[in-house]
Amino acid sequence: SKDRTGTLSLRGLHLSKGMFGLVKREEVSFYGDVRGVGDGGEEVVKRVGEGVWRVAVGECVEVECKVVNRKETPARLILRTLPLQDTDTAPLISDSLTTSPFAPRGIVSAGKLETILRVLDPGESETHKVRFVFTSRGRVRVVVHGEVVGVAGKGLEKGEVIWGGEGLVCEVVDEV
């Protein structure tokens, strides 16, 4: 229950190496947001929950991803933004052309879906933005992940893929 409060004693808890690896701090963090573009941008997109936005069909929105290097050494990533149909709902249906081989029909993108970020020193962050127009109703999950392509020192391995959580969900509807 959410109302429970109290003190949790961890004194008798002993973690194995495998268990400790699961609770270590993230080395790279991803934060996302969805915004309307242009005049009246606030009228075409509305946040309706944690990681969920309601977006008006046919309107331009901007998906912003902030990457934070929490490692103790510099890192360079390839950042990929993947718009995917949410298979838990009815598929997007559209006769429109798609501008990206990654995007399903019904999604038009403007901007780089894949970009190489500059080297991020410890504690530094960089923000990347991609614009989308969803041309039909449905649910789209925008998944973000980074692949390590350059590091200085120990830590992440080259080629390691770091997922940015469950992604951002856009519920595409007629009116927000």
# chains A, B, ... in the order shown; residues from 1 in each chain; ligands from 1
>>> closest_atom_pairs(of="range 120-168 of chain A", to="range 65-70 of chain A", cutoff="10 Å", atoms="only C-alpha atoms", output="Markdown table")
| residue | atom | partner | partner_atom | distance |
| --- | --- | --- | --- | --- |
| A:Leu120 | CA | A:Asn69 | CA | 6.2 |
| A:Asp121 | CA | A:Asn69 | CA | 6.9 |
| A:Pro122 | CA | A:Asn69 | CA | 5.6 |
| A:Gly123 | CA | A:Asn69 | CA | 5.3 |
| A:Glu124 | CA | A:Asn69 | CA | 5.7 |
| A:Ser125 | CA | A:Val68 | CA | 4.2 |
| A:Glu126 | CA | A:Val67 | CA | 5.4 |
| A:Thr127 | CA | A:Lys66 | CA | 4.2 |
| A:His128 | CA | A:Cys65 | CA | 5.3 |
| A:Lys129 | CA | A:Cys65 | CA | 6.3 |
| A:Val130 | CA | A:Cys65 | CA | 8.7 |
| A:Val144 | CA | A:Cys65 | CA | 7.8 |
| A:His145 | CA | A:Val67 | CA | 9.7 |
| A:Gly146 | CA | A:Val67 | CA | 8.9 |
| A:Gly164 | CA | A:Val67 | CA | 9.0 |
| A:Leu168 | CA | A:Cys65 | CA | 10.0 |
>>> residues_around(residues="Val37 in chain A", least_positions_apart="5", cutoff="7 Å", atoms="only C-alpha atoms", output="PyMOL selection string")
chain A and resi 60-62
>>> atom_distance(atom1="CA of Glu147 in chain A", atom2="CA of Gly32 in chain A")
17.4 Å
>>> atom_distance(atom1="CA of Tyr31 in chain A", atom2="CA of Val149 in chain A")
20.4 Å
>>> closest_residue(among="A:Glu27, A:Val143, A:Gly167, A:Glu114", to="Gly51 in chain A", atoms="only C-alpha atoms")
A:Gly167
>>> residues_around(residues="Arg118 in chain A", least_positions_apart="6", cutoff="10 Å", atoms="only C-alpha atoms", output="PyMOL selection string")
chain A and resi 75-78+125-126+150
>>> write_last_selection(atoms="all heavy atoms", output="PDB file, in the first residue's frame")
ATOM      1  N   ALA A  75      32.548   9.532 -21.738  1.00  0.00           N
ATOM      2  CA  ALA A  75      31.925   8.505 -22.585  1.00  0.00           C
ATOM      3  C   ALA A  75      31.343   9.152 -23.836  1.00  0.00           C
ATOM      4  O   ALA A  75      30.913  10.299 -23.804  1.00  0.00           O
ATOM      5  CB  ALA A  75      30.825   7.773 -21.830  1.00  0.00           C
ATOM      6  N   ARG A  76      31.337   8.416 -24.937  1.00  0.00           N
ATOM      7  CA  ARG A  76      30.704   8.860 -26.176  1.00  0.00           C
ATOM      8  C   ARG A  76      29.701   7.791 -26.585  1.00  0.00           C
ATOM      9  O   ARG A  76      29.994   6.603 -26.564  1.00  0.00           O
ATOM     10  CB  ARG A  76      31.730   9.050 -27.286  1.00  0.00           C
ATOM     11  CG  ARG A  76      31.044   9.294 -28.644  1.00  0.00           C
ATOM     12  CD  ARG A  76      31.998   9.681 -29.708  1.00  0.00           C
ATOM     13  NE  ARG A  76      32.064  11.132 -29.668  1.00  0.00           N
ATOM     14  CZ  ARG A  76      32.955  11.844 -30.299  1.00  0.00           C
ATOM     15  NH1 ARG A  76      33.889  11.263 -31.004  1.00  0.00           N
ATOM     16  NH2 ARG A  76      32.930  13.149 -30.227  1.00  0.00           N
ATOM     17  N   LEU A  77      28.493   8.241 -26.960  1.00  0.00           N
ATOM     18  CA  LEU A  77      27.415   7.326 -27.320  1.00  0.00           C
ATOM     19  C   LEU A  77      26.845   7.653 -28.688  1.00  0.00           C
ATOM     20  O   LEU A  77      26.847   8.809 -29.102  1.00  0.00           O
ATOM     21  CB  LEU A  77      26.259   7.433 -26.319  1.00  0.00           C
ATOM     22  CG  LEU A  77      26.523   7.187 -24.853  1.00  0.00           C
ATOM     23  CD1 LEU A  77      25.294   7.532 -24.039  1.00  0.00           C
ATOM     24  CD2 LEU A  77      26.899   5.753 -24.619  1.00  0.00           C
ATOM     25  N   ILE A  78      26.335   6.628 -29.353  1.00  0.00           N
ATOM     26  CA  ILE A  78      25.415   6.827 -30.468  1.00  0.00           C
ATOM     27  C   ILE A  78      24.032   6.760 -29.843  1.00  0.00           C
ATOM     28  O   ILE A  78      23.696   5.786 -29.166  1.00  0.00           O
ATOM     29  CB  ILE A  78      25.545   5.729 -31.539  1.00  0.00           C
ATOM     30  CG1 ILE A  78      26.872   5.823 -32.256  1.00  0.00           C
ATOM     31  CG2 ILE A  78      24.388   5.825 -32.535  1.00  0.00           C
ATOM     32  CD1 ILE A  78      27.080   4.743 -33.309  1.00  0.00           C
ATOM     33  N   SER A 125      25.816  16.531 -19.548  1.00  0.00           N
ATOM     34  CA  SER A 125      24.635  16.032 -20.245  1.00  0.00           C
ATOM     35  C   SER A 125      24.536  16.671 -21.619  1.00  0.00           C
ATOM     36  O   SER A 125      25.168  17.695 -21.880  1.00  0.00           O
ATOM     37  CB  SER A 125      23.373  16.340 -19.437  1.00  0.00           C
ATOM     38  OG  SER A 125      23.173  17.734 -19.362  1.00  0.00           O
ATOM     39  N   GLU A 126      23.756  16.053 -22.464  1.00  0.00           N
ATOM     40  CA  GLU A 126      23.454  16.601 -23.790  1.00  0.00           C
ATOM     41  C   GLU A 126      22.005  16.272 -24.118  1.00  0.00           C
ATOM     42  O   GLU A 126      21.511  15.204 -23.751  1.00  0.00           O
ATOM     43  CB  GLU A 126      24.385  16.047 -24.864  1.00  0.00           C
ATOM     44  CG  GLU A 126      24.175  16.709 -26.205  1.00  0.00           C
ATOM     45  CD  GLU A 126      25.291  16.427 -27.204  1.00  0.00           C
ATOM     46  OE1 GLU A 126      26.384  16.044 -26.795  1.00  0.00           O
ATOM     47  OE2 GLU A 126      25.024  16.591 -28.401  1.00  0.00           O
ATOM     48  N   GLY A 150      32.823   5.125 -27.641  1.00  0.00           N
ATOM     49  CA  GLY A 150      34.128   5.615 -27.224  1.00  0.00           C
ATOM     50  C   GLY A 150      34.118   5.923 -25.748  1.00  0.00           C
ATOM     51  O   GLY A 150      33.190   6.526 -25.237  1.00  0.00           O
TER      52      GLY A 150
END
>>> closest_residue(among="A:Thr135, A:Val28, A:Val44, A:Gly49", to="Val161 in chain A", atoms="only C-alpha atoms")
A:Val28
>>> atom_distance(atom1="CA of Val172 in chain A", atom2="CA of Trp53 in chain A")
8.6 Å
>>> closest_residue(among="A:Arg131, A:Arg80, A:Arg141, A:Arg47", to="Ser109 in chain A", atoms="only C-alpha atoms")
A:Arg131
